[in-house]
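Q: Dumping the structure here so I can ask a few things about it.
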Amino acid sequence: MLAEIITIGDELLIGQVIDTNSAFIAKQLNKIGVSIYQITSIQDDKSHILQTFKDAESRVDIILITGGLGPTKDDITKKTIAEYFNDTLVMDASVLENIESIWKKYVRQTLLQVNKDQALVPSKATILMNTVGTAPGMWMEKGNKTFISLPGVPFEMKTLMTTTVLDKLKLKYKYPHILHKTLLVYGLGESTLAARIEDWEDALPSHIKLAYLPSLGRMRLRISTKGFDKEKVVNDIQKHVDTLLPLIEKEFFGYEDEDGNEETVIANQLVKIGKSLAIAESCTGGKLAQLFTANAGASRYLKGGVVTYATQSKIDVLSVSEGLINKYSVVSSQVAEAMAQNVLKLYKSDVAIATTGNAGPTKGDSDVEVGTVFIAIATKEGVFSEKFNFGDHRSRVINKSVNKALEMLQKEIFKN
């Protein structure tokens, strides 16, 4: 079963808005067994939209569209869909009622005609009621092909996908089981890893796919297959994983969670073992804490964090000794370890991690070379730190520091 995702909007093509909708939709469809054939972003132009619909219909079973459903003149998707299906727009009473209800509860401005016109929908469409917004979703069928149009606002789109669209798709089609198993590997570059597992990779059957997903300081190996016998699919993947693990034993740090990366793996393990975490950041500027707090339920294991970016804040907030800083430099193992130990005490946590470094482009309060980073981990049993040099590109230094911190933290909490 193949699907194509079409996102509509000039704002996507000029880089003003990043298309996060496609990633979410693709992941949700993949979970129920739908393979994505293509993702296309197009401009708000009727002829362009019509041709894209025609092309998509010729190659896939499901066409999912987001964007262009608002009340302004440049939102033309609804009218274009009606034209594509040789249909006319009609006022839907239930949608109008929903709009009026939202206006009454949340909007102080007058309900204008352009807002009421959002209740105009193709007469042949099945309405997907948008309970968190005014623009409805629409479901239209042409033979065995399904067109689904959703609002471009991510929150509205996600709500409709998870509460309505997926269930309707599962009822309409029969899907294979798609399984991805993603292994987290640290400390090996792509070419080195590929050379090490070359014989294993060459021996994979054609229905098993392997993908290398490199990022700064880490590698994800994704092994995928699909089939209608779920048990066979699961066993098939596991058989090949079992033969791969001995080849990467020292560099393997676990599996990527279905809905997250290393931070989710760490979070789940902390909850499992009943441990809490505190974070002290300098050069990473809060990016490490943000990874954890972006996920619901972080309060179950994350006690808190501080960003002591300036030298004085390390003294004032974390009680790092000024003498220690003067003796060893603010970018040093001693300061990193003091930050980790003190944030552990501050939040009364079981594990703490701290980062201090020089991301550049200038040396700042320390004479250490740009790219030098110290990461420390403290527990009630003790503290240790490691020194790294991540180059001279600021964003790479910061992102490499975050990834290395996750690696060290994961290694620490999985020790026992």
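Identifiers in this document derive from the order of the structure tokens: chains are assigned A, B, ..., residues are numbered from 1 separately in each chain, and ligands are numbered from 1 in order of occurrence.
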If you run DSSP over the backbone, which residues in stretch 10-170 of chain A end up strand (DSSP E)? Put them as a short mmCIF file (atom, residue, chain, number, x, y, z; two decimals) with N, CA, C and O atoms, in the first residue's frame.

A:
data_model
loop_
_atom_site.label_atom_id
_atom_site.label_comp_id
_atom_site.auth_asym_id
_atom_site.auth_seq_id
_atom_site.Cartn_x
_atom_site.Cartn_y
_atom_site.Cartn_z
N SER A 35 3.40 2.43 3.08
CA SER A 35 4.72 2.89 2.64
C SER A 35 4.59 4.22 1.90
O SER A 35 3.69 4.39 1.08
N ILE A 36 5.47 5.16 2.19
CA ILE A 36 5.45 6.47 1.54
C ILE A 36 6.27 6.39 0.26
O ILE A 36 7.46 6.10 0.28
N TYR A 37 5.61 6.66 -0.86
CA TYR A 37 6.28 6.61 -2.16
C TYR A 37 6.98 7.93 -2.46
O TYR A 37 8.07 7.97 -3.00
N GLN A 38 6.33 9.05 -2.07
CA GLN A 38 6.90 10.35 -2.41
C GLN A 38 6.30 11.42 -1.51
O GLN A 38 5.16 11.32 -1.07
N ILE A 39 7.10 12.45 -1.22
CA ILE A 39 6.64 13.64 -0.52
C ILE A 39 6.91 14.84 -1.41
O ILE A 39 8.03 15.02 -1.90
N THR A 40 5.88 15.64 -1.64
CA THR A 40 5.98 16.75 -2.58
C THR A 40 5.49 18.03 -1.93
O THR A 40 4.43 18.05 -1.31
N SER A 41 6.24 19.11 -2.08
CA SER A 41 5.80 20.43 -1.63
C SER A 41 5.60 21.31 -2.86
O SER A 41 6.48 21.38 -3.73
N ILE A 42 4.44 21.95 -2.93
CA ILE A 42 4.11 22.72 -4.12
C ILE A 42 3.56 24.09 -3.73
O ILE A 42 3.15 24.32 -2.60
N ILE A 62 -3.08 6.21 -1.77
CA ILE A 62 -3.57 7.21 -0.82
C ILE A 62 -2.82 8.51 -1.06
O ILE A 62 -1.58 8.54 -1.08
N ILE A 63 -3.57 9.60 -1.23
CA ILE A 63 -2.97 10.92 -1.41
C ILE A 63 -3.38 11.77 -0.24
O ILE A 63 -4.58 12.01 -0.02
N LEU A 64 -2.41 12.20 0.55
CA LEU A 64 -2.69 12.98 1.74
C LEU A 64 -2.15 14.39 1.57
O LEU A 64 -0.98 14.57 1.26
N ILE A 65 -3.03 15.38 1.73
CA ILE A 65 -2.72 16.77 1.41
C ILE A 65 -2.84 17.62 2.67
O ILE A 65 -3.78 17.46 3.45
N THR A 66 -1.88 18.51 2.89
CA THR A 66 -2.02 19.47 3.99
C THR A 66 -1.78 20.87 3.47
O THR A 66 -0.97 21.11 2.58
N LEU A 89 -18.87 23.35 -4.23
CA LEU A 89 -18.80 23.57 -2.80
C LEU A 89 -20.19 23.86 -2.24
O LEU A 89 -20.96 24.62 -2.82
N VAL A 90 -20.50 23.26 -1.11
CA VAL A 90 -21.78 23.47 -0.43
C VAL A 90 -21.51 23.80 1.04
O VAL A 90 -20.49 23.40 1.60
N MET A 91 -22.44 24.51 1.66
CA MET A 91 -22.29 24.86 3.06
C MET A 91 -22.66 23.66 3.92
O MET A 91 -23.75 23.10 3.79
N LEU A 120 -17.75 25.83 3.71
CA LEU A 120 -18.01 25.39 2.34
C LEU A 120 -17.09 24.22 2.02
O LEU A 120 -15.86 24.33 2.11
N VAL A 121 -17.68 23.10 1.61
CA VAL A 121 -16.89 21.89 1.33
C VAL A 121 -17.43 21.22 0.07
O VAL A 121 -18.60 21.43 -0.31
N PRO A 122 -16.61 20.43 -0.62
CA PRO A 122 -17.12 19.69 -1.79
C PRO A 122 -18.29 18.79 -1.38
O PRO A 122 -18.25 18.14 -0.34
N THR A 126 -16.50 13.43 2.47
CA THR A 126 -16.83 13.06 3.83
C THR A 126 -16.07 14.02 4.75
O THR A 126 -14.85 14.15 4.64
N ILE A 127 -16.80 14.67 5.63
CA ILE A 127 -16.18 15.69 6.48
C ILE A 127 -15.43 15.02 7.65
O ILE A 127 -15.95 14.12 8.30
N LEU A 128 -14.21 15.48 7.88
CA LEU A 128 -13.43 15.07 9.04
C LEU A 128 -13.44 16.27 9.98
O LEU A 128 -12.72 17.25 9.77
N GLY A 137 -11.21 18.77 7.86
CA GLY A 137 -10.55 17.85 6.97
C GLY A 137 -11.57 17.28 6.00
O GLY A 137 -12.78 17.33 6.24
N MET A 138 -11.09 16.73 4.88
CA MET A 138 -12.00 16.19 3.86
C MET A 138 -11.46 14.86 3.34
O MET A 138 -10.26 14.73 3.11
N TRP A 139 -12.36 13.93 3.15
CA TRP A 139 -12.03 12.59 2.66
C TRP A 139 -12.83 12.38 1.38
O TRP A 139 -14.04 12.45 1.38
N MET A 140 -12.11 12.12 0.27
CA MET A 140 -12.79 11.89 -1.01
C MET A 140 -12.20 10.67 -1.68
O MET A 140 -10.99 10.40 -1.57
N GLU A 141 -13.04 9.91 -2.36
CA GLU A 141 -12.60 8.68 -3.00
C GLU A 141 -12.86 8.72 -4.50
O GLU A 141 -13.84 9.28 -4.96
N LYS A 142 -11.93 8.11 -5.23
CA LYS A 142 -12.03 8.02 -6.68
C LYS A 142 -11.61 6.62 -7.05
O LYS A 142 -10.43 6.30 -7.09
N LYS A 145 -8.87 4.84 -5.00
CA LYS A 145 -7.90 5.84 -4.55
C LYS A 145 -8.55 6.77 -3.53
O LYS A 145 -9.71 7.16 -3.69
N THR A 146 -7.80 7.13 -2.51
CA THR A 146 -8.34 7.97 -1.44
C THR A 146 -7.54 9.27 -1.36
O THR A 146 -6.31 9.26 -1.28
N PHE A 147 -8.26 10.39 -1.39
CA PHE A 147 -7.67 11.71 -1.20
C PHE A 147 -8.11 12.22 0.18
O PHE A 147 -9.30 12.23 0.49
N ILE A 148 -7.14 12.64 0.98
CA ILE A 148 -7.43 13.15 2.31
C ILE A 148 -6.79 14.53 2.43
O ILE A 148 -5.57 14.67 2.28
N SER A 149 -7.60 15.53 2.68
CA SER A 149 -7.10 16.89 2.82
C SER A 149 -7.21 17.32 4.27
O SER A 149 -8.28 17.21 4.88
N LEU A 150 -6.10 17.81 4.83
CA LEU A 150 -6.05 18.20 6.23
C LEU A 150 -5.53 19.63 6.37
O LEU A 150 -4.80 20.12 5.50
#

Q: Could you give me, as a compact mmCIF listing (two decimals) with N, CA, C and O atoms, in the first residue's frame, each residue of stretch 157-347 of chain A that DSSP assigns to alpha helix (DSSP H) when run on this structure's backbone?

A:
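Resulting contents of out_26.txt:
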# COMPACT_ATOMS: atom_id res chain seq x y z
N MET A 157 -3.68 19.25 12.28
CA MET A 157 -3.42 18.08 11.43
C MET A 157 -3.17 16.83 12.28
O MET A 157 -3.71 15.75 12.01
N LYS A 158 -2.34 16.96 13.31
CA LYS A 158 -2.00 15.82 14.15
C LYS A 158 -3.24 15.27 14.86
O LYS A 158 -3.42 14.05 14.98
N THR A 159 -4.09 16.16 15.32
CA THR A 159 -5.31 15.72 16.00
C THR A 159 -6.20 14.92 15.06
O THR A 159 -6.71 13.85 15.42
N LEU A 160 -6.39 15.41 13.85
CA LEU A 160 -7.21 14.69 12.88
C LEU A 160 -6.58 13.36 12.47
O LEU A 160 -7.28 12.35 12.32
N LEU A 166 -6.34 7.74 10.70
CA LEU A 166 -5.72 6.42 10.78
C LEU A 166 -6.75 5.31 10.94
O LEU A 166 -6.65 4.25 10.31
N ASP A 167 -7.76 5.55 11.76
CA ASP A 167 -8.80 4.53 11.97
C ASP A 167 -9.58 4.28 10.68
O ASP A 167 -9.89 3.13 10.35
N LYS A 168 -9.89 5.35 9.94
CA LYS A 168 -10.63 5.17 8.69
C LYS A 168 -9.79 4.43 7.66
O LYS A 168 -10.31 3.58 6.91
N LEU A 169 -8.50 4.73 7.61
CA LEU A 169 -7.63 4.03 6.66
C LEU A 169 -7.51 2.55 7.01
O LEU A 169 -7.49 1.69 6.11
N LYS A 170 -7.43 2.23 8.30
CA LYS A 170 -7.31 0.83 8.71
C LYS A 170 -8.56 0.04 8.35
O LYS A 170 -8.48 -1.17 8.08
N LEU A 171 -9.69 0.71 8.32
CA LEU A 171 -10.94 0.02 7.94
C LEU A 171 -11.02 -0.18 6.43
O LEU A 171 -11.61 -1.17 5.96
N LYS A 172 -10.45 0.72 5.66
CA LYS A 172 -10.62 0.67 4.20
C LYS A 172 -9.67 -0.30 3.51
O LYS A 172 -10.04 -0.98 2.55
N GLU A 190 30.95 6.19 9.63
CA GLU A 190 30.15 5.39 8.70
C GLU A 190 31.00 4.42 7.90
O GLU A 190 30.66 3.24 7.75
N SER A 191 32.15 4.87 7.38
CA SER A 191 32.98 4.00 6.55
C SER A 191 33.60 2.87 7.38
O SER A 191 33.68 1.72 6.92
N THR A 192 34.02 3.19 8.61
CA THR A 192 34.61 2.16 9.47
C THR A 192 33.57 1.11 9.84
O THR A 192 33.85 -0.10 9.81
N LEU A 193 32.38 1.57 10.19
CA LEU A 193 31.31 0.65 10.54
C LEU A 193 30.93 -0.22 9.34
O LEU A 193 30.74 -1.44 9.48
N ALA A 194 30.82 0.39 8.17
CA ALA A 194 30.44 -0.35 6.97
C ALA A 194 31.46 -1.43 6.64
O ALA A 194 31.10 -2.55 6.24
N ALA A 195 32.75 -1.12 6.82
CA ALA A 195 33.80 -2.11 6.55
C ALA A 195 33.72 -3.26 7.54
O ALA A 195 33.91 -4.43 7.17
N ARG A 196 33.41 -2.94 8.78
CA ARG A 196 33.38 -3.98 9.80
C ARG A 196 32.22 -4.96 9.58
O ARG A 196 32.36 -6.16 9.81
N GLU A 198 30.61 -5.51 6.68
CA GLU A 198 30.41 -5.73 5.24
C GLU A 198 29.92 -7.14 4.92
O GLU A 198 28.97 -7.31 4.15
N ASP A 199 30.54 -8.16 5.48
CA ASP A 199 30.12 -9.53 5.19
C ASP A 199 28.70 -9.80 5.67
O ASP A 199 27.92 -10.47 4.99
N TRP A 200 28.39 -9.28 6.85
CA TRP A 200 27.02 -9.44 7.39
C TRP A 200 26.01 -8.75 6.47
O TRP A 200 24.97 -9.32 6.15
N GLU A 201 26.34 -7.55 6.03
CA GLU A 201 25.43 -6.79 5.16
C GLU A 201 25.25 -7.49 3.81
O GLU A 201 24.13 -7.56 3.29
N ASP A 202 26.33 -8.01 3.25
CA ASP A 202 26.25 -8.69 1.96
C ASP A 202 25.38 -9.95 2.03
O ASP A 202 24.80 -10.37 1.01
N LYS A 230 2.91 -10.99 10.91
CA LYS A 230 3.63 -10.16 11.86
C LYS A 230 4.69 -10.95 12.63
O LYS A 230 5.82 -10.48 12.82
N GLU A 231 4.34 -12.14 13.08
CA GLU A 231 5.28 -12.94 13.86
C GLU A 231 6.52 -13.28 13.05
O GLU A 231 7.65 -13.22 13.55
N LYS A 232 6.33 -13.61 11.77
CA LYS A 232 7.46 -13.93 10.90
C LYS A 232 8.34 -12.69 10.69
O LYS A 232 9.58 -12.80 10.69
N VAL A 233 7.71 -11.53 10.53
CA VAL A 233 8.46 -10.29 10.33
C VAL A 233 9.33 -10.00 11.55
O VAL A 233 10.52 -9.68 11.43
N VAL A 234 8.74 -10.10 12.74
CA VAL A 234 9.47 -9.82 13.99
C VAL A 234 10.64 -10.79 14.16
O VAL A 234 11.77 -10.40 14.49
N ASN A 235 10.37 -12.07 13.94
CA ASN A 235 11.42 -13.10 14.11
C ASN A 235 12.54 -12.93 13.08
O ASN A 235 13.73 -13.14 13.39
N ASP A 236 12.16 -12.54 11.87
CA ASP A 236 13.14 -12.37 10.80
C ASP A 236 14.11 -11.25 11.14
O ASP A 236 15.34 -11.39 10.99
N ILE A 237 13.57 -10.12 11.58
CA ILE A 237 14.42 -8.99 11.95
C ILE A 237 15.32 -9.36 13.12
O ILE A 237 16.53 -9.09 13.11
N GLN A 238 14.75 -10.00 14.13
CA GLN A 238 15.53 -10.31 15.33
C GLN A 238 16.68 -11.27 15.02
O GLN A 238 17.76 -11.16 15.58
N LYS A 239 16.43 -12.20 14.10
CA LYS A 239 17.47 -13.16 13.71
C LYS A 239 18.69 -12.44 13.16
O LYS A 239 19.84 -12.77 13.50
N HIS A 240 18.47 -11.43 12.34
CA HIS A 240 19.59 -10.71 11.74
C HIS A 240 20.23 -9.74 12.74
O HIS A 240 21.45 -9.51 12.70
N VAL A 241 19.44 -9.18 13.64
CA VAL A 241 20.00 -8.34 14.70
C VAL A 241 20.93 -9.16 15.58
O VAL A 241 22.02 -8.72 15.96
N ASP A 242 20.51 -10.37 15.90
CA ASP A 242 21.31 -11.24 16.77
C ASP A 242 22.68 -11.56 16.17
O ASP A 242 23.67 -11.73 16.89
N THR A 243 22.75 -11.66 14.86
CA THR A 243 24.05 -11.94 14.22
C THR A 243 24.88 -10.67 14.04
O THR A 243 26.10 -10.74 13.85
N LEU A 244 24.22 -9.50 14.09
CA LEU A 244 24.93 -8.24 13.96
C LEU A 244 25.58 -7.80 15.27
O LEU A 244 26.71 -7.29 15.28
N GLU A 262 17.91 8.83 21.58
CA GLU A 262 18.62 8.45 22.79
C GLU A 262 17.96 8.98 24.05
O GLU A 262 17.91 8.31 25.07
N GLU A 263 17.44 10.22 23.99
CA GLU A 263 16.84 10.80 25.17
C GLU A 263 15.64 9.99 25.66
O GLU A 263 15.37 9.90 26.86
N THR A 264 14.91 9.38 24.71
CA THR A 264 13.77 8.56 25.10
C THR A 264 14.22 7.25 25.73
O THR A 264 13.63 6.77 26.69
N VAL A 265 15.29 6.67 25.16
CA VAL A 265 15.86 5.46 25.74
C VAL A 265 16.32 5.73 27.17
O VAL A 265 16.06 4.95 28.09
N ILE A 266 17.00 6.85 27.36
CA ILE A 266 17.49 7.22 28.69
C ILE A 266 16.32 7.46 29.63
O ILE A 266 16.32 6.99 30.78
N ALA A 267 15.33 8.20 29.16
CA ALA A 267 14.17 8.50 29.99
C ALA A 267 13.47 7.22 30.45
O ALA A 267 13.14 7.06 31.64
N ASN A 268 13.26 6.31 29.51
CA ASN A 268 12.57 5.05 29.86
C ASN A 268 13.37 4.24 30.88
O ASN A 268 12.80 3.63 31.79
N GLN A 269 14.69 4.23 30.72
CA GLN A 269 15.53 3.48 31.66
C GLN A 269 15.53 4.12 33.05
O GLN A 269 15.48 3.42 34.06
N LEU A 270 15.58 5.45 33.10
CA LEU A 270 15.53 6.13 34.40
C LEU A 270 14.24 5.82 35.14
O LEU A 270 14.24 5.56 36.34
N VAL A 271 13.13 5.84 34.41
CA VAL A 271 11.84 5.51 35.03
C VAL A 271 11.84 4.06 35.49
O VAL A 271 11.38 3.73 36.60
N LYS A 272 12.38 3.19 34.65
CA LYS A 272 12.41 1.75 34.97
C LYS A 272 13.18 1.46 36.24
O LYS A 272 12.75 0.64 37.07
N ILE A 273 14.34 2.12 36.41
CA ILE A 273 15.17 1.83 37.58
C ILE A 273 14.89 2.78 38.75
O ILE A 273 15.53 2.69 39.80
N LYS A 287 20.31 22.94 25.50
CA LYS A 287 19.85 22.01 24.46
C LYS A 287 19.67 20.60 25.01
O LYS A 287 18.78 19.86 24.57
N LEU A 288 20.50 20.22 25.97
CA LEU A 288 20.40 18.88 26.54
C LEU A 288 19.10 18.74 27.33
O LEU A 288 18.35 17.77 27.15
N ALA A 289 18.81 19.71 28.18
CA ALA A 289 17.57 19.66 28.95
C ALA A 289 16.34 19.71 28.05
O ALA A 289 15.34 19.04 28.30
N GLN A 290 16.44 20.50 26.99
CA GLN A 290 15.29 20.65 26.09
C GLN A 290 14.91 19.34 25.43
O GLN A 290 13.73 19.07 25.21
N LEU A 291 15.90 18.50 25.14
CA LEU A 291 15.60 17.20 24.53
C LEU A 291 14.71 16.36 25.43
O LEU A 291 13.83 15.64 24.96
N PHE A 292 14.95 16.45 26.73
CA PHE A 292 14.14 15.66 27.66
C PHE A 292 12.78 16.29 27.93
O PHE A 292 11.76 15.62 27.92
N THR A 293 12.75 17.61 28.12
CA THR A 293 11.49 18.27 28.47
C THR A 293 10.54 18.39 27.28
O THR A 293 9.36 18.69 27.45
N THR A 311 30.61 32.76 33.54
CA THR A 311 31.45 32.25 34.63
C THR A 311 30.86 32.59 35.99
O THR A 311 30.80 31.75 36.89
N GLN A 312 30.40 33.82 36.17
CA GLN A 312 29.87 34.24 37.47
C GLN A 312 28.64 33.44 37.88
O GLN A 312 28.42 33.18 39.06
N SER A 313 27.85 33.04 36.89
CA SER A 313 26.65 32.26 37.23
C SER A 313 27.02 30.88 37.77
O SER A 313 26.28 30.30 38.58
N LYS A 314 28.14 30.35 37.36
CA LYS A 314 28.59 29.06 37.92
C LYS A 314 28.92 29.22 39.40
O LYS A 314 28.70 28.32 40.20
N ILE A 315 29.42 30.39 39.73
CA ILE A 315 29.75 30.69 41.13
C ILE A 315 28.49 30.98 41.93
O ILE A 315 28.27 30.42 43.00
N ASP A 316 27.63 31.84 41.38
CA ASP A 316 26.45 32.30 42.11
C ASP A 316 25.36 31.25 42.21
O ASP A 316 24.72 31.11 43.26
N GLU A 322 35.26 29.95 43.24
CA GLU A 322 35.96 30.90 42.38
C GLU A 322 37.45 30.57 42.31
O GLU A 322 38.10 30.73 41.27
N GLY A 323 37.98 30.07 43.43
CA GLY A 323 39.38 29.67 43.44
C GLY A 323 39.64 28.50 42.50
O GLY A 323 40.69 28.46 41.84
N LEU A 324 38.67 27.56 42.43
CA LEU A 324 38.80 26.43 41.52
C LEU A 324 38.84 26.90 40.07
O LEU A 324 39.64 26.42 39.26
N ILE A 325 37.98 27.85 39.76
CA ILE A 325 37.92 28.39 38.41
C ILE A 325 39.21 29.12 38.06
O ILE A 325 39.77 28.96 36.97
N ASN A 326 39.70 29.94 39.00
CA ASN A 326 40.93 30.69 38.75
C ASN A 326 42.13 29.77 38.58
O ASN A 326 43.04 30.05 37.79
N LYS A 327 42.14 28.66 39.31
CA LYS A 327 43.28 27.75 39.27
C LYS A 327 43.28 26.89 38.01
O LYS A 327 44.32 26.68 37.38
N TYR A 328 42.09 26.37 37.63
CA TYR A 328 42.05 25.38 36.55
C TYR A 328 41.41 25.88 35.25
O TYR A 328 41.49 25.20 34.23
N SER A 333 38.18 19.94 33.64
CA SER A 333 37.54 18.78 34.25
C SER A 333 37.10 19.09 35.67
O SER A 333 36.04 18.64 36.12
N GLN A 334 37.91 19.88 36.38
CA GLN A 334 37.59 20.20 37.77
C GLN A 334 36.28 20.99 37.88
O GLN A 334 35.44 20.71 38.74
N VAL A 335 36.10 21.96 36.99
CA VAL A 335 34.87 22.76 37.02
C VAL A 335 33.67 21.94 36.56
O VAL A 335 32.58 22.02 37.13
N ALA A 336 33.86 21.14 35.51
CA ALA A 336 32.77 20.28 35.04
C ALA A 336 32.30 19.35 36.16
O ALA A 336 31.09 19.17 36.38
N GLU A 337 33.25 18.76 36.88
CA GLU A 337 32.89 17.84 37.95
C GLU A 337 32.21 18.57 39.11
O GLU A 337 31.26 18.06 39.70
N ALA A 338 32.69 19.78 39.41
CA ALA A 338 32.05 20.57 40.47
C ALA A 338 30.62 20.93 40.08
O ALA A 338 29.70 20.89 40.91
N MET A 339 30.41 21.28 38.82
CA MET A 339 29.06 21.59 38.34
C MET A 339 28.14 20.39 38.50
O MET A 339 26.99 20.51 38.95
N ALA A 340 28.64 19.21 38.10
CA ALA A 340 27.82 18.00 38.19
C ALA A 340 27.51 17.65 39.63
O ALA A 340 26.36 17.33 39.98
N GLN A 341 28.51 17.72 40.50
CA GLN A 341 28.29 17.38 41.92
C GLN A 341 27.32 18.36 42.58
O GLN A 341 26.45 17.95 43.35
N ASN A 342 27.47 19.64 42.26
CA ASN A 342 26.64 20.65 42.92
C ASN A 342 25.21 20.65 42.41
O ASN A 342 24.28 20.91 43.18
N VAL A 343 25.00 20.36 41.13
CA VAL A 343 23.62 20.29 40.64
C VAL A 343 22.95 19.02 41.15
O VAL A 343 21.73 18.98 41.36
N LEU A 344 23.73 17.96 41.39
CA LEU A 344 23.22 16.75 42.01
C LEU A 344 22.67 17.06 43.40
O LEU A 344 21.57 16.63 43.77
N LYS A 345 23.45 17.83 44.16
CA LYS A 345 23.01 18.21 45.51
C LYS A 345 21.84 19.19 45.46
O LYS A 345 20.91 19.11 46.26
N LEU A 346 21.92 20.14 44.53
CA LEU A 346 20.88 21.17 44.42
C LEU A 346 19.49 20.56 44.23
O LEU A 346 18.51 20.98 44.85
N TYR A 347 19.42 19.54 43.35
CA TYR A 347 18.12 18.95 43.03
C TYR A 347 17.88 17.61 43.74
O TYR A 347 16.85 16.97 43.51

Q: Using only C-alpha atoms, pick whichever of A:Leu188, A:Leu12, A:Leu409, A:Leu2 has the shortest atom-to-atom distance to A:Ala378.

A: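 Of the candidates, the smallest distance to A:Ala378 is held by A:Leu409.
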
Q: Hey, which of A:Gly187, A:Gly304, A:Val330, A:Asn389 ends up closest to A:Met408? Count only C-alpha atoms.

A: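 When distances to A:Met408 are compared using only C-alpha atoms, the smallest one comes from A:Gly187.
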
Q: Between A:Met1, A:Ile14, A:Ile8, A:Val60, which is the closest to A:Lys78 once you count only C-alpha atoms?

A: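 Residue with the minimum atom-to-atom distance to A:Lys78: A:Ile8.
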
Q: Using only C-alpha atoms for the distances, tell me which of A:Pro361, A:Pro214, A:Gly371, A:Gly68 is nearest to A:Val153.

A: A:Gly68

Q: Pick from A:Ile6, A:Val317, A:Ala26, A:Ala125: nearest to A:Asp87, with only C-alpha atoms counted?

A: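 Checking each candidate against A:Asp87, we get A:Ala125 as the closest.
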
Q: To one decimal in Å, tell me the separation between atom CA of A:Lys275 and atom CA of A:Ser401.

A: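 For atom CA of A:Lys275 relative to atom CA of A:Ser401, the distance reads 23.1 Å.
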
Q: How many Å lie between atom CA of A:Glu83 and atom CA of A:Ala135, rounded to one decimal?

A: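 Going from atom CA of A:Glu83 over to atom CA of A:Ala135, I get 18.6 Å.
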
Q: Counting only C-alpha atoms, which of A:Ile81, A:Val132, A:Leu50, A:Leu247 gets nearest to A:Phe155?

A: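 Going through A:Ile81, A:Val132, A:Leu50, A:Leu247 one by one, the smallest distance to A:Phe155 is for A:Val132.
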
Q: Hey, what's within 7 Å of A:Gly357 if we count only C-alpha atoms and toss same-chain stuff fewer than 4 positions away? As a list in words, please?

A: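 Near neighbours after the sequence-gap exclusion: Cys283, Val331, Thr372, Val373 and Phe374 of chain A.
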
Q: Do you know which residues are at most 9 Å from A:His180 counting only C-alpha atoms, after dropping those on the same chain fewer than 5 positions away, and could you put them as a PyMOL selection string?

A: chain A and resi 222-226+237+258
